[in-house]
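Asker: So here's input.pdb, just PDB, C-alpha atoms and all ligand atoms:
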ATOM      1  CA  MET A   1     350.262  92.546 138.278  1.00  0.00           C
ATOM      2  CA  ARG A   2     353.743  91.606 137.125  1.00  0.00           C
ATOM      3  CA  VAL A   3     354.283  90.992 133.432  1.00  0.00           C
ATOM      4  CA  LEU A   4     357.159  89.484 131.450  1.00  0.00           C
ATOM      5  CA  ALA A   5     357.382  89.670 127.650  1.00  0.00           C
ATOM      6  CA  VAL A   6     359.956  87.426 125.977  1.00  0.00           C
ATOM      7  CA  GLY A   7     361.254  88.043 122.443  1.00  0.00           C
ATOM      8  CA  ALA A   8     364.065  86.627 120.346  1.00  0.00           C
ATOM      9  CA  HIS A   9     365.420  89.900 118.915  1.00  0.00           C
ATOM     10  CA  PRO A  10     365.257  93.628 119.626  1.00  0.00           C
ATOM     11  CA  ASP A  11     361.857  94.975 118.403  1.00  0.00           C
ATOM     12  CA  ASP A  12     360.053  91.567 118.405  1.00  0.00           C
ATOM     13  CA  ILE A  13     358.231  92.306 121.665  1.00  0.00           C
ATOM     14  CA  GLU A  14     357.184  95.819 120.595  1.00  0.00           C
ATOM     15  CA  LEU A  15     355.885  94.447 117.269  1.00  0.00           C
ATOM     16  CA  GLY A  16     353.899  91.677 118.932  1.00  0.00           C
ATOM     17  CA  CYS A  17     352.520  93.284 122.082  1.00  0.00           C
ATOM     18  CA  GLY A  18     353.918  96.832 122.420  1.00  0.00           C
ATOM     19  CA  ALA A  19     350.497  98.464 122.760  1.00  0.00           C
ATOM     20  CA  THR A  20     349.324  95.863 125.282  1.00  0.00           C
ATOM     21  CA  LEU A  21     352.436  96.473 127.382  1.00  0.00           C
ATOM     22  CA  LEU A  22     351.709 100.217 127.288  1.00  0.00           C
ATOM     23  CA  ALA A  23     348.203  99.433 128.555  1.00  0.00           C
ATOM     24  CA  HIS A  24     349.705  97.332 131.374  1.00  0.00           C
ATOM     25  CA  ILE A  25     352.007 100.215 132.332  1.00  0.00           C
ATOM     26  CA  ALA A  26     349.052 102.618 132.335  1.00  0.00           C
ATOM     27  CA  ARG A  27     347.294 100.303 134.808  1.00  0.00           C
ATOM     28  CA  GLY A  28     350.354 100.525 137.086  1.00  0.00           C
ATOM     29  CA  HIS A  29     351.569  96.996 136.341  1.00  0.00           C
ATOM     30  CA  GLU A  30     355.272  96.164 136.488  1.00  0.00           C
ATOM     31  CA  VAL A  31     356.480  95.213 133.002  1.00  0.00           C
ATOM     32  CA  SER A  32     359.764  93.456 132.151  1.00  0.00           C
ATOM     33  CA  MET A  33     361.197  92.457 128.800  1.00  0.00           C
ATOM     34  CA  LEU A  34     363.604  89.600 128.114  1.00  0.00           C
ATOM     35  CA  VAL A  35     365.340  89.783 124.721  1.00  0.00           C
ATOM     36  CA  MET A  36     367.172  86.548 123.931  1.00  0.00           C
ATOM     37  CA  THR A  37     369.740  87.949 121.429  1.00  0.00           C
ATOM     38  CA  THR A  38     371.088  91.354 120.421  1.00  0.00           C
ATOM     39  CA  GLY A  39     370.072  90.709 116.792  1.00  0.00           C
ATOM     40  CA  GLU A  40     373.685  91.005 115.734  1.00  0.00           C
ATOM     41  CA  GLN A  41     373.130  89.174 112.417  1.00  0.00           C
ATOM     42  CA  GLY A  42     370.883  91.915 111.024  1.00  0.00           C
ATOM     43  CA  PRO A  43     372.010  94.668 108.650  1.00  0.00           C
ATOM     44  CA  GLN A  44     373.564  96.789 111.412  1.00  0.00           C
ATOM     45  CA  MET A  45     375.938  96.534 114.329  1.00  0.00           C
ATOM     46  CA  ALA A  46     374.753  94.665 117.434  1.00  0.00           C
ATOM     47  CA  ARG A  47     375.739  97.674 119.505  1.00  0.00           C
ATOM     48  CA  SER A  48     373.178  99.903 117.801  1.00  0.00           C
ATOM     49  CA  ARG A  49     370.414  97.342 118.289  1.00  0.00           C
ATOM     50  CA  THR A  50     371.338  97.032 121.964  1.00  0.00           C
ATOM     51  CA  HIS A  51     371.010 100.798 122.382  1.00  0.00           C
ATOM     52  CA  GLU A  52     367.772 100.882 120.424  1.00  0.00           C
ATOM     53  CA  GLN A  53     366.270  98.201 122.668  1.00  0.00           C
ATOM     54  CA  GLU A  54     367.415 100.087 125.768  1.00  0.00           C
ATOM     55  CA  ASP A  55     365.779 103.265 124.430  1.00  0.00           C
ATOM     56  CA  ALA A  56     362.522 101.439 123.673  1.00  0.00           C
ATOM     57  CA  ALA A  57     362.426  99.828 127.139  1.00  0.00           C
ATOM     58  CA  LYS A  58     362.994 103.231 128.744  1.00  0.00           C
ATOM     59  CA  LEU A  59     360.251 104.825 126.625  1.00  0.00           C
ATOM     60  CA  LEU A  60     357.885 102.020 127.625  1.00  0.00           C
ATOM     61  CA  GLY A  61     358.885 102.175 131.264  1.00  0.00           C
ATOM     62  CA  ALA A  62     359.900  98.501 131.400  1.00  0.00           C
ATOM     63  CA  ASN A  63     362.798  96.620 132.961  1.00  0.00           C
ATOM     64  CA  LEU A  64     365.083  95.102 130.317  1.00  0.00           C
ATOM     65  CA  PHE A  65     366.877  91.744 130.545  1.00  0.00           C
ATOM     66  CA  TRP A  66     369.139  90.139 127.924  1.00  0.00           C
ATOM     67  CA  GLY A  67     369.378  86.388 127.260  1.00  0.00           C
ATOM     68  CA  ASN A  68     372.819  86.745 125.632  1.00  0.00           C
ATOM     69  CA  PHE A  69     372.204  83.965 123.125  1.00  0.00           C
ATOM     70  CA  GLU A  70     373.602  83.954 119.602  1.00  0.00           C
ATOM     71  CA  ASP A  71     371.414  85.541 116.926  1.00  0.00           C
ATOM     72  CA  GLY A  72     370.125  82.760 114.661  1.00  0.00           C
ATOM     73  CA  ALA A  73     371.019  80.023 117.157  1.00  0.00           C
ATOM     74  CA  VAL A  74     368.663  80.497 120.120  1.00  0.00           C
ATOM     75  CA  PRO A  75     368.351  77.078 121.802  1.00  0.00           C
ATOM     76  CA  GLU A  76     364.998  75.741 122.987  1.00  0.00           C
ATOM     77  CA  GLY A  77     366.293  73.363 125.668  1.00  0.00           C
ATOM     78  CA  ARG A  78     367.709  73.548 129.139  1.00  0.00           C
ATOM     79  CA  THR A  79     369.950  76.639 128.818  1.00  0.00           C
ATOM     80  CA  ALA A  80     367.246  78.827 127.309  1.00  0.00           C
ATOM     81  CA  VAL A  81     364.569  77.523 129.684  1.00  0.00           C
ATOM     82  CA  GLY A  82     366.890  78.157 132.647  1.00  0.00           C
ATOM     83  CA  SER A  83     367.623  81.676 131.484  1.00  0.00           C
ATOM     84  CA  ILE A  84     363.907  82.518 131.196  1.00  0.00           C
ATOM     85  CA  GLU A  85     363.150  80.831 134.542  1.00  0.00           C
ATOM     86  CA  ALA A  86     365.784  83.020 136.213  1.00  0.00           C
ATOM     87  CA  VAL A  87     364.124  86.201 134.899  1.00  0.00           C
ATOM     88  CA  LEU A  88     360.663  84.928 135.889  1.00  0.00           C
ATOM     89  CA  LYS A  89     361.984  84.343 139.388  1.00  0.00           C
ATOM     90  CA  GLU A  90     363.682  87.745 139.600  1.00  0.00           C
ATOM     91  CA  THR A  91     360.656  89.673 138.328  1.00  0.00           C
ATOM     92  CA  GLY A  92     357.976  87.533 139.993  1.00  0.00           C
ATOM     93  CA  ALA A  93     355.965  87.779 136.761  1.00  0.00           C
ATOM     94  CA  ASP A  94     352.943  85.523 136.399  1.00  0.00           C
ATOM     95  CA  VAL A  95     351.591  86.975 133.160  1.00  0.00           C
ATOM     96  CA  VAL A  96     353.850  86.038 130.257  1.00  0.00           C
ATOM     97  CA  TYR A  97     353.874  87.024 126.579  1.00  0.00           C
ATOM     98  CA  THR A  98     355.996  85.242 123.979  1.00  0.00           C
ATOM     99  CA  HIS A  99     356.248  84.431 120.273  1.00  0.00           C
ATOM    100  CA  ALA A 100     353.661  82.249 118.553  1.00  0.00           C
ATOM    101  CA  SER A 101     354.896  78.677 118.151  1.00  0.00           C
ATOM    102  CA  ARG A 102     354.546  78.564 114.338  1.00  0.00           C
ATOM    103  CA  ASP A 103     356.968  80.988 112.699  1.00  0.00           C
ATOM    104  CA  THR A 104     359.454  80.819 109.823  1.00  0.00           C
ATOM    105  CA  HIS A 105     362.255  82.186 112.033  1.00  0.00           C
ATOM    106  CA  GLN A 106     364.011  79.499 114.069  1.00  0.00           C
ATOM    107  CA  ASP A 107     364.806  81.931 116.917  1.00  0.00           C
ATOM    108  CA  HIS A 108     361.127  82.835 117.267  1.00  0.00           C
ATOM    109  CA  ARG A 109     360.108  79.152 117.400  1.00  0.00           C
ATOM    110  CA  ALA A 110     362.844  78.282 119.911  1.00  0.00           C
ATOM    111  CA  THR A 111     361.950  81.264 122.118  1.00  0.00           C
ATOM    112  CA  ALA A 112     358.297  80.173 122.130  1.00  0.00           C
ATOM    113  CA  VAL A 113     359.158  76.567 123.077  1.00  0.00           C
ATOM    114  CA  ALA A 114     361.565  77.622 125.840  1.00  0.00           C
ATOM    115  CA  THR A 115     359.135  80.209 127.254  1.00  0.00           C
ATOM    116  CA  LEU A 116     356.212  77.770 127.422  1.00  0.00           C
ATOM    117  CA  ALA A 117     358.416  75.390 129.429  1.00  0.00           C
ATOM    118  CA  ALA A 118     359.854  78.091 131.694  1.00  0.00           C
ATOM    119  CA  ALA A 119     356.415  79.649 132.314  1.00  0.00           C
ATOM    120  CA  ARG A 120     354.689  76.350 133.168  1.00  0.00           C
ATOM    121  CA  ARG A 121     353.600  77.771 136.540  1.00  0.00           C
ATOM    122  CA  ALA A 122     352.544  81.221 135.262  1.00  0.00           C
ATOM    123  CA  THR A 123     348.844  81.978 135.519  1.00  0.00           C
ATOM    124  CA  THR A 124     348.586  83.426 132.023  1.00  0.00           C
ATOM    125  CA  VAL A 125     350.681  82.731 128.915  1.00  0.00           C
ATOM    126  CA  LEU A 126     349.759  84.480 125.670  1.00  0.00           C
ATOM    127  CA  GLN A 127     351.504  84.214 122.304  1.00  0.00           C
ATOM    128  CA  TYR A 128     351.880  87.239 120.025  1.00  0.00           C
ATOM    129  CA  GLU A 129     352.239  87.512 116.271  1.00  0.00           C
ATOM    130  CA  SER A 130     355.142  88.782 114.193  1.00  0.00           C
ATOM    131  CA  PRO A 131     355.546  89.426 110.465  1.00  0.00           C
ATOM    132  CA  SER A 132     357.042  85.911 110.097  1.00  0.00           C
ATOM    133  CA  THR A 133     354.304  84.066 112.035  1.00  0.00           C
ATOM    134  CA  ILE A 134     352.504  81.294 110.107  1.00  0.00           C
ATOM    135  CA  GLY A 135     348.822  80.426 110.558  1.00  0.00           C
ATOM    136  CA  PHE A 136     348.240  82.893 113.381  1.00  0.00           C
ATOM    137  CA  VAL A 137     344.618  82.712 114.592  1.00  0.00           C
ATOM    138  CA  PRO A 138     344.158  84.992 117.607  1.00  0.00           C
ATOM    139  CA  THR A 139     341.439  84.184 120.132  1.00  0.00           C
ATOM    140  CA  ILE A 140     342.301  86.709 122.843  1.00  0.00           C
ATOM    141  CA  PHE A 141     342.122  90.412 121.995  1.00  0.00           C
ATOM    142  CA  VAL A 142     343.365  93.341 124.046  1.00  0.00           C
ATOM    143  CA  ASP A 143     341.713  96.714 123.460  1.00  0.00           C
ATOM    144  CA  VAL A 144     344.626  99.036 122.665  1.00  0.00           C
ATOM    145  CA  ASP A 145     342.672 102.138 121.595  1.00  0.00           C
ATOM    146  CA  GLY A 146     344.884 105.043 122.662  1.00  0.00           C
ATOM    147  CA  TYR A 147     348.092 103.019 122.609  1.00  0.00           C
ATOM    148  CA  VAL A 148     348.729 102.529 118.896  1.00  0.00           C
ATOM    149  CA  GLU A 149     350.649 105.807 118.497  1.00  0.00           C
ATOM    150  CA  GLY A 150     352.714 104.779 121.517  1.00  0.00           C
ATOM    151  CA  LYS A 151     353.426 101.414 119.925  1.00  0.00           C
ATOM    152  CA  LEU A 152     354.643 103.166 116.766  1.00  0.00           C
ATOM    153  CA  ALA A 153     356.877 105.390 118.920  1.00  0.00           C
ATOM    154  CA  LEU A 154     358.365 102.297 120.581  1.00  0.00           C
ATOM    155  CA  LEU A 155     359.098 100.867 117.134  1.00  0.00           C
ATOM    156  CA  ARG A 156     360.647 104.142 115.940  1.00  0.00           C
ATOM    157  CA  ALA A 157     363.208 103.698 118.733  1.00  0.00           C
ATOM    158  CA  HIS A 158     364.440 100.742 116.656  1.00  0.00           C
ATOM    159  CA  GLY A 159     365.720 103.102 113.969  1.00  0.00           C
ATOM    160  CA  SER A 160     367.976 100.550 112.285  1.00  0.00           C
ATOM    161  CA  GLN A 161     364.931  98.377 111.510  1.00  0.00           C
ATOM    162  CA  VAL A 162     362.386 101.081 110.718  1.00  0.00           C
ATOM    163  CA  GLU A 163     363.669 104.193 108.971  1.00  0.00           C
ATOM    164  CA  ARG A 164     367.028 102.976 107.763  1.00  0.00           C
ATOM    165  CA  ASN A 165     366.272  99.475 106.459  1.00  0.00           C
ATOM    166  CA  GLY A 166     362.500  99.317 106.098  1.00  0.00           C
ATOM    167  CA  LEU A 167     362.312  95.945 107.887  1.00  0.00           C
ATOM    168  CA  VAL A 168     359.419  97.240 109.982  1.00  0.00           C
ATOM    169  CA  ASP A 169     356.530  98.935 108.159  1.00  0.00           C
ATOM    170  CA  LEU A 170     354.727 101.223 110.588  1.00  0.00           C
ATOM    171  CA  GLU A 171     351.776 101.695 108.241  1.00  0.00           C
ATOM    172  CA  ALA A 172     351.236  97.937 108.190  1.00  0.00           C
ATOM    173  CA  ILE A 173     351.504  97.760 111.988  1.00  0.00           C
ATOM    174  CA  GLU A 174     348.826 100.415 112.399  1.00  0.00           C
ATOM    175  CA  ALA A 175     346.593  98.678 109.841  1.00  0.00           C
ATOM    176  CA  GLN A 176     347.086  95.387 111.658  1.00  0.00           C
ATOM    177  CA  ALA A 177     345.909  96.938 114.946  1.00  0.00           C
ATOM    178  CA  ARG A 178     342.819  98.289 113.180  1.00  0.00           C
ATOM    179  CA  TYR A 179     342.135  94.941 111.490  1.00  0.00           C
ATOM    180  CA  ARG A 180     342.538  92.969 114.728  1.00  0.00           C
ATOM    181  CA  GLY A 181     340.254  95.501 116.383  1.00  0.00           C
ATOM    182  CA  PHE A 182     337.658  95.124 113.631  1.00  0.00           C
ATOM    183  CA  THR A 183     337.509  91.330 114.001  1.00  0.00           C
ATOM    184  CA  ALA A 184     337.292  91.724 117.807  1.00  0.00           C
ATOM    185  CA  ARG A 185     334.404  94.267 117.670  1.00  0.00           C
ATOM    186  CA  MET A 186     336.512  97.166 118.878  1.00  0.00           C
ATOM    187  CA  ARG A 187     338.529  99.909 117.227  1.00  0.00           C
ATOM    188  CA  PHE A 188     342.147  98.871 117.792  1.00  0.00           C
ATOM    189  CA  ALA A 189     343.380  95.590 119.229  1.00  0.00           C
ATOM    190  CA  GLU A 190     346.352  93.314 119.538  1.00  0.00           C
ATOM    191  CA  GLY A 191     345.494  89.655 119.083  1.00  0.00           C
ATOM    192  CA  PHE A 192     346.989  86.688 120.924  1.00  0.00           C
ATOM    193  CA  MET A 193     346.885  82.936 120.785  1.00  0.00           C
ATOM    194  CA  CYS A 194     346.192  81.532 124.217  1.00  0.00           C
ATOM    195  CA  GLU A 195     348.367  78.903 125.877  1.00  0.00           C
ATOM    196  CA  ARG A 196     346.770  79.484 129.285  1.00  0.00           C
ATOM    197  CA  MET A 197     344.708  82.240 130.821  1.00  0.00           C
ATOM    198  CA  GLN A 198     343.182  82.483 134.284  1.00  0.00           C
ATOM    199  CA  PHE A 199     339.936  84.373 134.528  1.00  0.00           C
ATOM    200  CA  ASP A 200     339.845  85.946 137.987  1.00  0.00           C
ATOM    201  CA  LEU A 201     336.317  86.461 139.289  1.00  0.00           C
ATOM    202  CA  GLY A 202     337.509  87.026 142.823  1.00  0.00           C
ATOM    203  CA  ALA A 203     336.317  83.640 144.108  1.00  0.00           C
ATOM    204  CA  HIS A 204     339.351  83.009 146.298  1.00  0.00           C
ATOM    205  CA  ARG A 205     338.739  86.255 148.157  1.00  0.00           C
ATOM    206  CA  MET A 206     335.480  84.961 149.653  1.00  0.00           C
ATOM    207  CA  THR A 207     335.135  83.202 152.979  1.00  0.00           C
ATOM    208  CA  PRO A 208     332.869  80.112 153.093  1.00  0.00           C
ATOM    209  CA  GLU A 209     330.280  82.277 154.915  1.00  0.00           C
ATOM    210  CA  GLN A 210     330.327  84.879 152.130  1.00  0.00           C
ATOM    211  CA  GLU A 211     329.997  82.117 149.532  1.00  0.00           C
ATOM    212  CA  LEU A 212     326.880  80.800 151.278  1.00  0.00           C
ATOM    213  CA  LEU A 213     325.445  84.299 151.484  1.00  0.00           C
ATOM    214  CA  LEU A 214     326.000  84.836 147.749  1.00  0.00           C
ATOM    215  CA  LEU A 215     324.431  81.468 146.983  1.00  0.00           C
ATOM    216  CA  ASN A 216     321.328  82.374 149.012  1.00  0.00           C
ATOM    217  CA  GLN A 217     321.040  85.726 147.248  1.00  0.00           C
ATOM    218  CA  THR A 218     321.206  84.258 143.767  1.00  0.00           C
ATOM    219  CA  HIS A 219     318.815  81.309 144.225  1.00  0.00           C
TER     220      HIS A 219
HETATM  221 ZN    ZN A 301     362.776  88.479 115.579  1.00  0.00          ZN
END
If you took the structure in this file and wrote it as structure tokens, what would it be?
Ligand SMILES: [Zn+2]
Answerer:
Amino acid sequence: MRVLAVGAHPDDIELGCGATLLAHIARGHEVSMLVMTTGEQGPQMARSRTHEQEDAAKLLGANLFWGNFEDGAVPEGRTAVGSIEAVLKETGADVVYTHASRDTHQDHRATAVATLAAARRATTVLQYESPSTIGFVPTIFVDVDGYVEGKLALLRAHGSQVERNGLVDLEAIEAQARYRGFTARMRFAEGFMCERMQFDLGAHRMTPEQELLLLNQTH
């Protein structure tokens, strides 16, 4: 399986689906990240956030792509869609994660809109939450028991947002994973809103003869 996660700023992807991506990696899936901006408007230099994102991608074991858009001014139209399409083509990803559509941050909203357009042929498109998401009601839950510590480690790589400025609260992230797990009848989970999800029961791998055989066995 090939997976692409799209986020507006460094650390957005790790916050929204870091543990799920670790689970993908553990299953041997190829994971890529596309970060639309370097987050240069935050309370630090863009250079440090670039390095932090590179460190986090390395720790995760993911390929890293940059959108090179301006922080605070991510477009949702043709240029952004084209940029995401190019990465989808290069990675061959057909499972896509992106921001939820309702969010107070304009870059998060624009990234969601552009990704949904660019990923119109992807088999699965799931939207993750962030601290600025509004009205997030997850319906798809990924069991991330065993990957929460790893998610926190990915976030610690973003030192300028975690230790130094307190923009990311690791205690809250851990509690969120527990809460999402509780509502999903498991211990720890990440929750997603579902744009599209294919449920593969292996049907296409059967010949017409095998289908008939199965039908005869079950009736
Ligand atoms: Zn962000």
Asker: Any chance you could work out the residue set of the PyMOL selection byres (((not hetatm)) within 8 of (chain A and resi 301)) here, as JSON, numbers by chain?
Answerer: {"A": [7, 8, 9, 10, 11, 12, 39, 105, 107, 108, 130]}
Asker: Nearest residue to Gln127 (chain A) out of A:Asp143, A:Glu174, A:Glu190, A:Asp71, using all atoms listed in the file?
Answerer: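 Distance minimum relative to Gln127 (chain A) lands on A:Glu190.
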Asker: Return the single residue from A:Val3, A:Ile84, A:Ala57, A:Leu22 that is closest to Val142 (chain A), with distances computed using all atoms listed in the file.
Answerer: A:Leu22
Asker: Could you pull the residues within 12 Å of Ala26 (chain A), counting only C-alpha atoms, minus those fewer than 4 positions along the same chain, as a count of residues only?
Answerer: 14
Asker: Taking the file as I've supplied it (selection: the PyMOL selection byres (((chain A and resi 193) around 9) and not hetatm)), which residues are included? Please answer as JSON, numbers by chain.
Answerer: {"A": [100, 125, 126, 127, 128, 129, 136, 137, 138, 139, 140, 141, 191, 192, 194, 195]}
Asker: Exactly which residues make up the result of the PyMOL selection byres (((chain A and resi 197) around 6) and not hetatm) on this file, given as a list in words?
Answerer: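 Written out, the selection comes to Thr124, Arg196 and Gln198 of chain A.
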Asker: Would you mind completing region 15-29 of chain A so that it carries N, CA and C atoms, and writing it out as a PDB file, in the coordinates of the input?
Answerer:
ATOM      1  N   LEU A  15     356.728  94.791 118.415  1.00  0.00           N
ATOM      2  CA  LEU A  15     355.885  94.447 117.269  1.00  0.00           C
ATOM      3  C   LEU A  15     354.690  93.604 117.694  1.00  0.00           C
ATOM      4  N   GLY A  16     354.940  92.645 118.580  1.00  0.00           N
ATOM      5  CA  GLY A  16     353.899  91.677 118.932  1.00  0.00           C
ATOM      6  C   GLY A  16     352.914  92.178 119.967  1.00  0.00           C
ATOM      7  N   CYS A  17     353.426  92.917 120.975  1.00  0.00           N
ATOM      8  CA  CYS A  17     352.520  93.284 122.082  1.00  0.00           C
ATOM      9  C   CYS A  17     352.872  94.634 122.697  1.00  0.00           C
ATOM     10  N   GLY A  18     353.500  95.530 121.897  1.00  0.00           N
ATOM     11  CA  GLY A  18     353.918  96.832 122.420  1.00  0.00           C
ATOM     12  C   GLY A  18     352.777  97.654 122.989  1.00  0.00           C
ATOM     13  N   ALA A  19     351.631  97.652 122.297  1.00  0.00           N
ATOM     14  CA  ALA A  19     350.497  98.464 122.760  1.00  0.00           C
ATOM     15  C   ALA A  19     349.891  97.861 124.026  1.00  0.00           C
ATOM     16  N   THR A  20     349.841  96.539 124.082  1.00  0.00           N
ATOM     17  CA  THR A  20     349.324  95.863 125.282  1.00  0.00           C
ATOM     18  C   THR A  20     350.215  96.163 126.487  1.00  0.00           C
ATOM     19  N   LEU A  21     351.522  96.162 126.269  1.00  0.00           N
ATOM     20  CA  LEU A  21     352.436  96.473 127.382  1.00  0.00           C
ATOM     21  C   LEU A  21     352.247  97.918 127.848  1.00  0.00           C
ATOM     22  N   LEU A  22     351.995  98.825 126.901  1.00  0.00           N
ATOM     23  CA  LEU A  22     351.709 100.217 127.288  1.00  0.00           C
ATOM     24  C   LEU A  22     350.442 100.286 128.135  1.00  0.00           C
ATOM     25  N   ALA A  23     349.448  99.467 127.775  1.00  0.00           N
ATOM     26  CA  ALA A  23     348.203  99.433 128.555  1.00  0.00           C
ATOM     27  C   ALA A  23     348.470  98.877 129.961  1.00  0.00           C
ATOM     28  N   HIS A  24     349.323  97.861 130.048  1.00  0.00           N
ATOM     29  CA  HIS A  24     349.705  97.332 131.374  1.00  0.00           C
ATOM     30  C   HIS A  24     350.356  98.436 132.222  1.00  0.00           C
ATOM     31  N   ILE A  25     351.296  99.147 131.611  1.00  0.00           N
ATOM     32  CA  ILE A  25     352.007 100.215 132.332  1.00  0.00           C
ATOM     33  C   ILE A  25     351.013 101.261 132.836  1.00  0.00           C
ATOM     34  N   ALA A  26     350.045 101.606 131.961  1.00  0.00           N
ATOM     35  CA  ALA A  26     349.052 102.618 132.335  1.00  0.00           C
ATOM     36  C   ALA A  26     348.205 102.166 133.518  1.00  0.00           C
ATOM     37  N   ARG A  27     348.041 100.842 133.666  1.00  0.00           N
ATOM     38  CA  ARG A  27     347.294 100.303 134.808  1.00  0.00           C
ATOM     39  C   ARG A  27     348.183 100.173 136.048  1.00  0.00           C
ATOM     40  N   GLY A  28     349.448 100.588 135.940  1.00  0.00           N
ATOM     41  CA  GLY A  28     350.354 100.525 137.086  1.00  0.00           C
ATOM     42  C   GLY A  28     351.019  99.170 137.263  1.00  0.00           C
ATOM     43  N   HIS A  29     350.938  98.309 136.237  1.00  0.00           N
ATOM     44  CA  HIS A  29     351.569  96.996 136.341  1.00  0.00           C
ATOM     45  C   HIS A  29     353.075  97.102 136.098  1.00  0.00           C
TER      46      HIS A  29
END
